[in-house]
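Novice: I am sharing target-v7.csv, which consists of CSV, C-alpha atoms:
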chain,number,residue,atom,x,y,z
A,1,MET,CA,76.9,123.9,114.8
A,2,ARG,CA,74.4,121.5,113.1
A,3,ALA,CA,76.2,122.1,109.8
A,4,ASN,CA,79.5,121.5,111.4
A,5,SER,CA,78.4,118.2,112.9
A,6,THR,CA,77.0,117.1,109.5
A,7,ARG,CA,80.3,118.0,107.9
A,8,ALA,CA,82.1,115.8,110.5
A,9,LEU,CA,79.9,112.9,109.8
A,10,ARG,CA,80.4,113.2,106.1
A,11,ARG,CA,84.2,113.1,106.6
A,12,ALA,CA,83.8,110.0,108.8
A,13,ALA,CA,81.7,108.3,106.2
A,14,PHE,CA,84.4,109.1,103.6
A,15,LEU,CA,87.1,107.6,105.7
A,16,VAL,CA,85.1,104.4,106.4
A,17,SER,CA,84.4,104.0,102.7
A,18,LEU,CA,88.1,104.2,101.9
A,19,LEU,CA,88.8,101.4,104.4
A,20,ALA,CA,86.1,99.0,103.2
A,21,ILE,CA,88.7,96.8,101.6
A,22,SER,CA,88.3,93.0,101.2
A,23,ALA,CA,91.3,91.2,99.9
A,24,ALA,CA,90.3,88.5,97.4
A,25,PRO,CA,91.7,85.1,98.3
A,26,SER,CA,94.6,83.8,96.2
A,27,ALA,CA,96.2,80.5,95.7
A,28,ARG,CA,99.6,82.1,95.1
A,29,ALA,CA,102.2,82.2,97.7
A,30,ASP,CA,105.9,83.0,98.2
A,31,VAL,CA,108.1,80.2,99.5
A,32,VAL,CA,110.9,80.3,102.0
A,33,ARG,CA,113.1,77.2,102.1
A,34,MET,CA,115.0,76.7,105.3
A,35,LYS,CA,118.4,75.0,105.7
A,36,SER,CA,116.8,72.5,108.0
A,37,GLY,CA,114.5,71.4,105.1
A,38,ASP,CA,111.3,73.1,106.4
A,39,VAL,CA,109.3,75.2,104.1
A,40,VAL,CA,107.2,78.3,105.0
A,41,SER,CA,104.8,79.7,102.4
A,42,GLY,CA,102.9,83.0,102.5
A,43,LYS,CA,103.7,86.5,101.4
A,44,ILE,CA,107.2,87.8,101.9
A,45,LYS,CA,106.7,91.4,103.2
A,46,GLU,CA,110.3,92.5,103.4
A,47,ILE,CA,114.0,91.6,103.8
A,48,SER,CA,116.0,94.2,105.8
A,49,ASP,CA,119.1,94.0,107.9
A,50,GLU,CA,119.6,90.3,108.7
A,51,GLU,CA,115.9,89.3,108.8
A,52,LEU,CA,113.1,88.2,106.6
A,53,VAL,CA,109.4,88.9,107.4
A,54,ILE,CA,106.8,86.6,105.9
A,55,ASP,CA,103.0,86.7,106.4
A,56,PRO,CA,101.7,83.1,106.3
A,57,LYS,CA,98.1,82.6,105.3
A,58,PHE,CA,96.9,81.1,108.6
A,59,SER,CA,99.1,82.9,111.3
A,60,ASP,CA,100.6,86.2,112.2
A,61,ASP,CA,103.8,87.5,110.7
A,62,ILE,CA,107.0,85.4,111.2
A,63,ASP,CA,110.4,86.9,111.5
A,64,ILE,CA,113.2,84.6,110.2
A,65,LYS,CA,117.0,85.2,110.5
A,66,LEU,CA,118.6,85.1,107.0
A,67,LYS,CA,121.3,82.7,108.3
A,68,TYR,CA,118.7,80.0,108.6
A,69,ILE,CA,117.3,80.4,105.1
A,70,ALA,CA,118.5,78.4,102.1
A,71,SER,CA,116.5,80.1,99.4
A,72,ILE,CA,113.4,82.1,98.6
A,73,GLU,CA,110.9,82.1,95.7
A,74,THR,CA,108.3,84.8,95.0
A,75,ASP,CA,105.0,84.5,93.1
A,76,ARG,CA,105.0,88.1,92.0
A,77,PRO,CA,107.6,90.7,90.8
A,78,VAL,CA,109.6,92.2,93.7
A,79,SER,CA,112.3,94.9,93.9
A,80,VAL,CA,115.6,93.4,95.1
A,81,THR,CA,118.3,95.7,96.3
A,82,PHE,CA,121.8,94.1,96.6
A,83,ARG,CA,124.5,95.1,98.9
A,84,ASP,CA,126.6,96.4,96.1
A,85,GLY,CA,123.8,99.0,95.4
A,86,SER,CA,122.3,97.4,92.3
A,87,VAL,CA,118.5,97.1,92.1
A,88,VAL,CA,116.7,94.5,90.1
A,89,THR,CA,112.9,93.9,89.7
A,90,GLY,CA,111.4,90.6,88.8
A,91,PHE,CA,110.5,87.1,90.1
A,92,VAL,CA,113.0,85.5,92.5
A,93,GLU,CA,113.3,81.7,91.9
A,94,LEU,CA,115.6,78.8,92.2
A,95,ALA,CA,118.4,78.5,89.6
A,96,PRO,CA,119.5,75.1,88.2
A,97,ASP,CA,122.6,75.2,90.3
A,98,GLY,CA,120.6,75.5,93.6
A,99,THR,CA,121.3,79.2,94.0
A,100,MET,CA,118.7,81.9,93.2
A,101,ARG,CA,118.1,84.2,90.3
A,102,VAL,CA,115.8,87.1,89.4
A,103,ARG,CA,113.8,86.3,86.3
A,104,ALA,CA,112.6,89.4,84.4
A,105,ALA,CA,108.9,90.0,84.7
A,106,PRO,CA,106.6,90.9,81.8
A,107,SER,CA,105.2,94.4,82.0
A,108,ARG,CA,102.3,94.9,84.3
A,109,TRP,CA,100.1,95.5,81.3
A,110,ASP,CA,100.8,91.9,80.1
A,111,GLU,CA,100.8,90.4,83.6
A,112,ARG,CA,97.3,91.8,84.5
A,113,GLY,CA,95.8,92.4,81.1
A,114,HIS,CA,95.5,96.2,81.6
A,115,ARG,CA,96.0,98.7,78.8
A,116,GLY,CA,95.9,102.0,80.8
A,117,PRO,CA,98.5,103.4,83.1
A,118,LEU,CA,98.6,102.1,86.7
A,119,LEU,CA,100.0,103.4,90.0
A,120,ALA,CA,103.5,101.8,90.0
A,121,ARG,CA,106.1,101.4,87.3
A,122,PRO,CA,106.0,98.4,85.0
A,123,SER,CA,107.8,95.4,86.4
A,124,THR,CA,110.5,95.1,83.7
A,125,THR,CA,114.2,94.9,84.1
A,126,SER,CA,117.3,94.4,81.9
A,127,GLY,CA,119.6,93.7,84.8
A,128,VAL,CA,118.6,90.1,85.6
A,129,GLN,CA,120.8,88.6,88.3
A,130,GLU,CA,121.8,84.9,88.0
A,131,GLY,CA,123.2,82.5,90.7
A,132,PHE,CA,123.3,84.7,93.8
A,133,GLU,CA,123.2,83.8,97.5
A,134,LEU,CA,120.7,85.3,99.9
A,135,ALA,CA,123.6,87.0,101.8
A,136,ARG,CA,124.0,89.4,98.8
A,137,VAL,CA,120.5,90.8,99.3
A,138,GLN,CA,120.2,94.0,101.3
A,139,GLU,CA,116.5,94.7,100.9
A,140,LEU,CA,113.4,93.2,99.2
A,141,GLU,CA,110.0,94.8,98.9
A,142,SER,CA,106.9,94.6,96.7
A,143,ALA,CA,107.3,96.3,93.3
A,144,TYR,CA,103.7,97.2,93.4
A,145,TYR,CA,101.4,99.7,95.1
A,146,ARG,CA,101.2,98.6,98.8
A,147,TYR,CA,98.7,99.6,101.5
A,148,GLU,CA,98.0,99.5,105.2
A,149,ALA,CA,94.6,100.3,106.7
A,150,GLU,CA,93.0,100.5,110.1
A,151,LEU,CA,89.5,101.0,111.3
A,152,GLY,CA,88.9,101.5,115.1
A,153,LEU,CA,85.8,101.7,117.3
A,154,GLY,CA,86.1,102.4,121.0
A,155,LEU,CA,84.9,104.1,124.2
A,156,ASN,CA,86.7,106.9,125.9
A,157,ALA,CA,86.5,108.9,129.1
A,158,ALA,CA,87.5,112.5,128.9
A,159,SER,CA,88.5,115.3,131.4
A,160,GLY,CA,89.2,119.0,130.7
A,161,ASN,CA,86.7,120.9,128.6
A,162,THR,CA,84.7,117.7,128.1
A,163,ASP,CA,83.8,115.5,131.1
A,164,SER,CA,82.0,112.5,129.7
A,165,SER,CA,82.1,109.0,128.3
A,166,SER,CA,81.6,108.9,124.6
A,167,LEU,CA,82.0,106.9,121.4
A,168,ASP,CA,85.3,107.2,119.4
A,169,VAL,CA,85.6,106.2,115.7
A,170,ASP,CA,88.9,106.5,113.8
A,171,ALA,CA,90.3,105.3,110.5
A,172,GLU,CA,93.7,105.4,108.8
A,173,LEU,CA,94.7,104.5,105.2
A,174,GLU,CA,98.4,104.4,104.3
A,175,PRO,CA,99.2,103.6,100.7
A,176,HIS,CA,102.9,103.2,99.5
A,177,TRP,CA,104.1,103.7,95.9
A,178,GLY,CA,107.8,103.2,95.5
A,179,PRO,CA,109.5,105.9,97.7
A,180,ASN,CA,106.2,107.7,98.2
A,181,THR,CA,103.9,107.2,101.2
A,182,PHE,CA,100.5,108.9,101.9
A,183,ARG,CA,98.9,108.7,105.3
A,184,LEU,CA,95.2,109.7,105.6
A,185,ASP,CA,93.7,109.5,109.1
A,186,GLY,CA,90.6,110.8,110.8
A,187,GLN,CA,88.8,110.6,114.1
A,188,VAL,CA,85.2,111.5,115.2
A,189,ASN,CA,84.3,111.7,118.9
A,190,ARG,CA,80.6,112.1,119.9
A,191,GLY,CA,79.2,111.8,123.4
A,192,GLU,CA,76.0,112.5,125.4
A,193,SER,CA,75.1,112.5,129.1
A,194,ASN,CA,71.5,112.5,130.3
A,195,GLY,CA,70.3,113.5,126.9
A,196,ARG,CA,72.7,116.4,126.7
A,197,GLU,CA,75.6,116.5,124.2
A,198,THR,CA,78.9,116.4,126.0
A,199,ALA,CA,81.4,115.9,123.2
A,200,ASN,CA,81.4,116.8,119.5
A,201,ASN,CA,84.8,117.0,117.8
A,202,TRP,CA,86.5,115.6,114.7
A,203,ARG,CA,89.9,115.8,113.0
A,204,ILE,CA,91.2,114.6,109.6
A,205,GLY,CA,94.8,114.7,108.4
A,206,LEU,CA,96.9,113.9,105.3
A,207,GLN,CA,100.7,113.5,105.3
A,208,TYR,CA,102.9,112.8,102.3
A,209,GLU,CA,106.4,111.4,102.7
A,210,ARG,CA,109.1,111.1,100.0
A,211,GLU,CA,112.1,108.9,100.8
A,212,LEU,CA,115.4,110.5,100.0
A,213,ARG,CA,118.9,109.2,100.6
A,214,GLY,CA,120.6,108.3,103.9
A,215,GLY,CA,117.4,108.1,105.9
A,216,TRP,CA,116.3,111.6,104.9
A,217,GLN,CA,112.7,112.3,103.8
A,218,ALA,CA,110.6,115.2,102.6
A,219,PHE,CA,107.1,115.7,104.0
A,220,LEU,CA,104.0,117.7,103.4
A,221,TYR,CA,101.5,117.7,106.3
A,222,THR,CA,97.9,119.1,106.5
A,223,ARG,CA,95.2,118.8,109.1
A,224,GLU,CA,91.7,120.1,109.7
A,225,GLU,CA,89.9,119.8,113.0
A,226,SER,CA,86.8,121.1,114.8
A,227,ASP,CA,85.7,121.0,118.5
A,228,GLU,CA,82.3,122.5,119.5
A,229,PHE,CA,83.3,122.6,123.2
A,230,GLN,CA,86.3,124.7,122.4
A,231,ASP,CA,84.2,127.0,120.2
A,232,LEU,CA,86.5,126.0,117.4
A,233,ASP,CA,84.6,125.9,114.1
A,234,LEU,CA,87.6,124.9,112.0
A,235,ARG,CA,91.4,124.9,112.4
A,236,ALA,CA,93.4,124.2,109.3
A,237,VAL,CA,97.2,123.5,109.4
A,238,ILE,CA,99.6,123.0,106.6
A,239,ALA,CA,103.4,122.3,107.0
A,240,ALA,CA,106.3,121.1,104.9
A,241,GLY,CA,109.9,120.4,105.3
A,242,PRO,CA,112.6,117.7,105.9
A,243,GLY,CA,112.3,114.5,108.0
A,244,TYR,CA,114.7,111.9,109.2
A,245,GLU,CA,114.4,108.2,110.0
A,246,LEU,CA,116.3,108.0,113.3
A,247,LEU,CA,115.6,104.3,113.8
A,248,ALA,CA,114.6,101.8,111.1
A,249,ARG,CA,114.7,98.2,112.4
A,250,PRO,CA,112.2,95.4,112.0
A,251,ASP,CA,111.0,96.0,115.5
A,252,THR,CA,111.6,99.8,115.9
A,253,ASP,CA,110.6,102.8,113.9
A,254,LEU,CA,111.3,106.4,114.9
A,255,ARG,CA,110.8,109.4,112.6
A,256,MET,CA,110.9,113.1,113.1
A,257,TYR,CA,109.7,115.9,110.7
A,258,ALA,CA,110.1,119.6,111.1
A,259,GLY,CA,109.4,122.7,109.0
A,260,PRO,CA,107.5,126.0,108.6
A,261,ALA,CA,103.7,125.9,108.9
A,262,TRP,CA,100.6,128.1,108.4
A,263,VAL,CA,97.6,128.0,110.7
A,264,LYS,CA,94.1,129.4,110.1
A,265,GLU,CA,91.5,129.3,112.9
A,266,ASN,CA,87.8,130.1,112.6
A,267,TYR,CA,85.8,130.4,115.9
A,268,ALA,CA,82.1,130.3,116.7
A,269,GLY,CA,80.5,133.0,118.8
A,270,SER,CA,82.2,136.3,119.5
A,271,ALA,CA,85.9,135.1,119.2
A,272,SER,CA,87.8,136.6,116.4
A,273,ASP,CA,89.2,134.4,113.6
A,274,ARG,CA,92.9,134.4,113.1
A,275,SER,CA,95.8,133.0,111.0
A,276,PHE,CA,99.5,133.0,111.7
A,277,ALA,CA,102.9,131.6,110.6
A,278,ALA,CA,104.3,128.9,112.8
A,279,PHE,CA,106.9,126.1,113.1
A,280,ALA,CA,105.7,122.4,113.2
A,281,TRP,CA,107.4,119.4,114.7
A,282,VAL,CA,105.9,115.9,114.0
A,283,THR,CA,107.2,112.7,115.7
A,284,THR,CA,106.1,109.1,115.2
A,285,PHE,CA,107.5,106.1,117.1
A,286,GLU,CA,106.6,102.3,117.2
A,287,GLN,CA,108.3,99.6,119.2
A,288,ASP,CA,107.3,95.9,118.8
A,289,LEU,CA,107.6,93.6,121.8
A,290,PHE,CA,107.1,89.9,122.2
A,291,SER,CA,107.4,89.0,118.5
A,292,SER,CA,105.1,91.9,117.5
A,293,ASP,CA,102.2,90.8,119.8
A,294,PHE,CA,102.5,94.1,121.6
A,295,THR,CA,103.4,97.4,120.0
A,296,LEU,CA,104.2,100.6,122.0
A,297,PHE,CA,103.4,103.7,120.0
A,298,HIS,CA,103.7,107.5,120.2
A,299,GLN,CA,102.6,110.2,117.8
A,300,SER,CA,102.8,114.0,118.4
A,301,GLN,CA,102.2,117.2,116.5
A,302,LEU,CA,103.6,120.4,118.0
A,303,ILE,CA,103.0,123.8,116.5
A,304,LYS,CA,104.6,127.0,117.8
A,305,ALA,CA,103.6,130.3,116.3
A,306,VAL,CA,106.2,132.8,115.2
A,307,GLY,CA,106.2,135.1,118.2
A,308,ASP,CA,104.8,134.5,121.7
A,309,GLU,CA,101.4,132.8,121.2
A,310,PRO,CA,99.9,130.3,120.5
A,311,PHE,CA,101.4,126.9,121.2
A,312,LEU,CA,99.4,123.9,120.1
A,313,ALA,CA,100.1,120.2,120.9
A,314,GLN,CA,98.4,116.9,120.0
A,315,THR,CA,99.8,113.7,121.3
A,316,SER,CA,98.7,110.1,121.2
A,317,GLN,CA,100.5,107.2,123.0
A,318,GLY,CA,99.7,103.7,124.2
A,319,VAL,CA,99.9,100.0,123.4
A,320,ASP,CA,98.5,98.0,120.6
A,321,MET,CA,97.9,94.3,121.4
A,322,ASP,CA,97.1,91.5,118.9
A,323,LEU,CA,94.0,89.6,119.7
A,324,TRP,CA,93.1,87.4,116.9
A,325,GLY,CA,93.8,87.5,113.2
A,326,ASN,CA,93.5,91.2,112.1
A,327,LEU,CA,91.8,92.3,115.2
A,328,ASP,CA,93.7,94.3,117.8
A,329,LEU,CA,93.0,95.8,121.2
A,330,LYS,CA,94.4,99.4,121.6
A,331,LEU,CA,94.8,101.2,124.9
A,332,GLU,CA,95.4,104.9,124.1
A,333,LEU,CA,96.0,108.2,125.9
A,334,GLN,CA,95.4,111.3,123.9
A,335,PHE,CA,96.2,114.8,125.1
A,336,ASP,CA,95.4,118.1,123.3
A,337,TYR,CA,96.7,121.5,124.4
A,338,ALA,CA,96.2,125.1,123.3
A,339,SER,CA,98.1,127.7,125.2
A,340,ASP,CA,95.6,130.5,124.5
A,341,PRO,CA,92.0,129.2,124.1
A,342,VAL,CA,89.1,131.6,123.7
A,343,GLN,CA,87.7,133.1,126.9
A,344,SER,CA,84.6,130.8,127.0
A,345,VAL,CA,86.9,127.7,127.3
A,346,GLN,CA,87.7,126.7,130.8
A,347,GLU,CA,90.7,124.4,130.3
A,348,LYS,CA,93.8,124.6,128.1
A,349,GLY,CA,94.1,120.9,127.8
A,350,ASP,CA,91.9,117.9,127.0
A,351,LEU,CA,92.8,114.4,128.1
A,352,ARG,CA,91.2,111.3,126.7
A,353,TYR,CA,91.5,107.7,127.8
A,354,ILE,CA,90.4,105.3,125.0
A,355,VAL,CA,89.8,101.6,124.9
A,356,LYS,CA,89.4,100.5,121.3
A,357,LEU,CA,89.0,97.5,119.1
A,358,GLU,CA,90.8,97.9,115.8
A,359,TYR,CA,90.7,96.0,112.5
A,360,GLU,CA,93.9,96.1,110.4
A,361,LEU,CA,94.5,95.3,106.8
A,362,GLU,CA,97.7,95.3,104.7
A,363,GLY,CA,98.9,94.0,101.4
A,364,ASP,CA,99.6,95.0,97.8
A,365,GLU,CA,97.9,94.9,94.4
A,366,THR,CA,98.5,91.2,94.1
A,367,ASP,CA,95.7,90.6,96.7
A,368,TRP,CA,93.2,91.3,93.9
A,369,TRP,CA,94.8,89.1,91.3
A,370,GLN,CA,92.5,86.2,90.2
Would you mind giving the structure from this file in C-alpha cells?
Specialist:
Amino acid sequence: MRANSTRALRRAAFLVSLLAISAAPSARADVVRMKSGDVVSGKIKEISDEELVIDPKFSDDIDIKLKYIASIETDRPVSVTFRDGSVVTGFVELAPDGTMRVRAAPSRWDERGHRGPLLARPSTTSGVQEGFELARVQELESAYYRYEAELGLGLNAASGNTDSSSLDVDAELEPHWGPNTFRLDGQVNRGESNGRETANNWRIGLQYERELRGGWQAFLYTREESDEFQDLDLRAVIAAGPGYELLARPDTDLRMYAGPAWVKENYAGSASDRSFAAFAWVTTFEQDLFSSDFTLFHQSQLIKAVGDEPFLAQTSQGVDMDLWGNLDLKLELQFDYASDPVQSVQEKGDLRYIVKLEYELEGDETDWWQ
C-alpha cells in the first residue's frame, strides 16, 4: 500500500504542475463599441446565439446582447463563422464606411516569430470579408489554442466505508484546439483520525472530445483510480463512442456520451483480479444563475458490465459560487457506488460532502504574447 500511496502523490504532483500557469499581463485588448457610445475593452471570449461574452481586465465576464452593439474590434486573429456558413480567420476591425471587416492575419510564424510547428493552424485566410454588420455573425472564437484550468483545495466529511474528515485536493486542465477538447482531471483524498489513517484514495481521468456536425461529438474516455479502504489497488476504465450536445446556450451546457467500455480491476489481499466488457454512460451539466455568479453542476460516469454484475457509478453535483477574481467557493456532493464490492468492504456506496476553495484560469495563447 505504501507504493500505491506514493504513486497517488506523484500523480497529484503531476496535476498541480500542469496547473501552475501564470498569464503574462498584456496591454492588448479587444474593443466592443455600444450603440449608446459606451466602450468595453477586454478579451472577447465568444459570440453565440444573440449574445457576446467579454472578459474585462478588472471584472468578471460581461454578457452583452448583440442588438446593443455597434461594432467590435479584436487585437488577435479570431475565427468568424457567418450565418451563411462561411468561415473566415483574421483580425476584426472597423471599415472606413463604419461597418466591420476581417483583415487577413499574417501566419503565426510571422506573428510570433516562431519557426517550428505550433498547436493550432496558421491564422491565414483568403476569404477576407468587407463591410459586414454584426447581425451576420453566427459565432466567434479564438483561432488559437485555448485552455481552462482549475485547482481546488478543500475539506470533506465522508460516510460509508470511510467515516472521517479529510483533506481533498483536485485539479483539472482543459485545453481546446479547434474542434478538439482534452479534459485531464484528478483528485487525491487523504485523512487521519487520532493518528490512524481513515482515507486514502485517488483518481485521474482523461477525456478527448471531437466536435462533429449538428451537435454530435466523438469521445474517448479513460480513468484510473485506487481506494485502500475498498481493497482496490487499481481500477482502469477505457470507453469510446458518440456524444451529443443536448443544450448549448451561454448559460446552459448539457452533454451526454455513451459507448462500449473495458474495465480491469486489481485488488489487494485475497480478492481475485478481474476484467470485463461493459457499457459506459457519461453526463455533464452546468447551469449559470445570477449572471454566472452561481453555477449548478452535475457530472456522472455510469458503467454496467455486459451480463449481471458489476454496476459502477460515480457522481458529483453541487454549486460553484464566485467569491473574488478567479477564486470560487464550491459546495460538492460526491457519491461512488459499486454493486459487488469485495467481501472485506462493508458498504457498497461512499458519500462525501466537500467544501472547497477553487482557483480558476482560462485564456488562450495570446496571454503569453509580449
Novice: Excluding range 75-85 of chain A and residues on its chain fewer than 6 positions from it, collect all residues at most 6 Å away from it, counting all atoms listed in the file, and give them as an MDAnalysis selection string.
Specialist: chainID A and resid 29:30 91 136:143
Novice: Export, as a short mmCIF file (atom, residue, chain, number, x, y, z; two decimals), in the frame of the given file, the selected residues with C-alpha atoms.
Specialist:
data_model
loop_
_atom_site.label_atom_id
_atom_site.label_comp_id
_atom_site.auth_asym_id
_atom_site.auth_seq_id
_atom_site.Cartn_x
_atom_site.Cartn_y
_atom_site.Cartn_z
CA ALA A 29 102.20 82.20 97.70
CA ASP A 30 105.90 83.00 98.20
CA PHE A 91 110.50 87.10 90.10
CA ARG A 136 124.00 89.40 98.80
CA VAL A 137 120.50 90.80 99.30
CA GLN A 138 120.20 94.00 101.30
CA GLU A 139 116.50 94.70 100.90
CA LEU A 140 113.40 93.20 99.20
CA GLU A 141 110.00 94.80 98.90
CA SER A 142 106.90 94.60 96.70
CA ALA A 143 107.30 96.30 93.30
#
Novice: Would you work out the distance separating CA of Ala240 in chain A from CA of Ala258 in chain A, expressed in Å to one decimal?
Specialist: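 Distance between the two atoms: 7.4 Å.
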Novice: Point out the residue among A:Asp320, A:Glu148, A:Glu211, A:Glu197 with the least atom-to-atom distance to Glu174 in chain A, counting all atoms listed in the file.
Specialist: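 Once distances to Glu174 in chain A are computed over all atoms listed in the file, the minimum belongs to A:Glu148.
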Novice: So, with all atoms listed in the file as the atoms that count, which of A:Gly269, A:Gly349, A:Gly131, A:Gly325 lies closest to Leu361 in chain A?
Specialist: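 With all atoms listed in the file as the atom set, the closest residue is A:Gly325.
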Novice: I'd like the interatomic distance between CA of Gln314 in chain A and CA of Tyr208 in chain A, to a tenth of an Å.
Specialist: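 Computing it gives 18.7 Å between the two atoms.
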Novice: Tell me, in Å to one decimal, how far CA of Gly205 in chain A is from CA of Gln301 in chain A.
Specialist: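 One can read the CA of Gly205 in chain A to CA of Gln301 in chain A distance as 11.3 Å.
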Novice: Taking into account all atoms listed in the file, which residue in the set A:Trp177, A:Gly42, A:Ser166, A:Ile62 is nearest to Arg196 in chain A?
Specialist: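 Counting all atoms listed in the file, the residue closest to Arg196 in chain A is A:Ser166.
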Novice: Which residue, A:Met321, A:Ala338, A:Leu232, A:Met34, has the smallest gap to Leu357 in chain A when you use all atoms listed in the file?
Specialist: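 Smallest distance to Leu357 in chain A is found for A:Met321.
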Novice: Between A:Leu66, A:Ala135, A:Leu173, A:Leu254, which one has atoms that come closest to Thr99 in chain A, using all atoms listed in the file?
Specialist: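 Looking at the shortest contact to Thr99 in chain A, the residue is A:Ala135.
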Novice: With all atoms listed in the file as the basis for distance, which of A:Ser41, A:Ser36, A:Thr222, A:Gln287 is at the shortest distance from Gln207 in chain A?
Specialist: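 Going through A:Ser41, A:Ser36, A:Thr222, A:Gln287 one by one, the smallest distance to Gln207 in chain A is for A:Thr222.
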Novice: Would you list the contacts of Glu332 in chain A as a ChimeraX atom specification, taking every protein, DNA or RNA residue within 6 Å and counting only C-alpha atoms, but skipping same-chain residues closer than 2 positions in sequence?
Specialist: /A:317-318,354
Novice: Within 7 Å of Ser300 in chain A, counting only C-alpha atoms, which residues show up once you throw out same-chain ones fewer than 2 positions away? Write them as a ChimeraX atom specification, please.
Specialist: /A:282-284,298,302,314-316
Novice: Name all residues at most 8 Å from Gly243 in chain A (count all atoms listed in the file; drop same-chain ones fewer than 6 positions away) and give them as a list in words.
Specialist: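 Returned residues: Trp216, Gln217, Ala218, Phe219, Arg255, Met256, Tyr257 and Ala258 of chain A.
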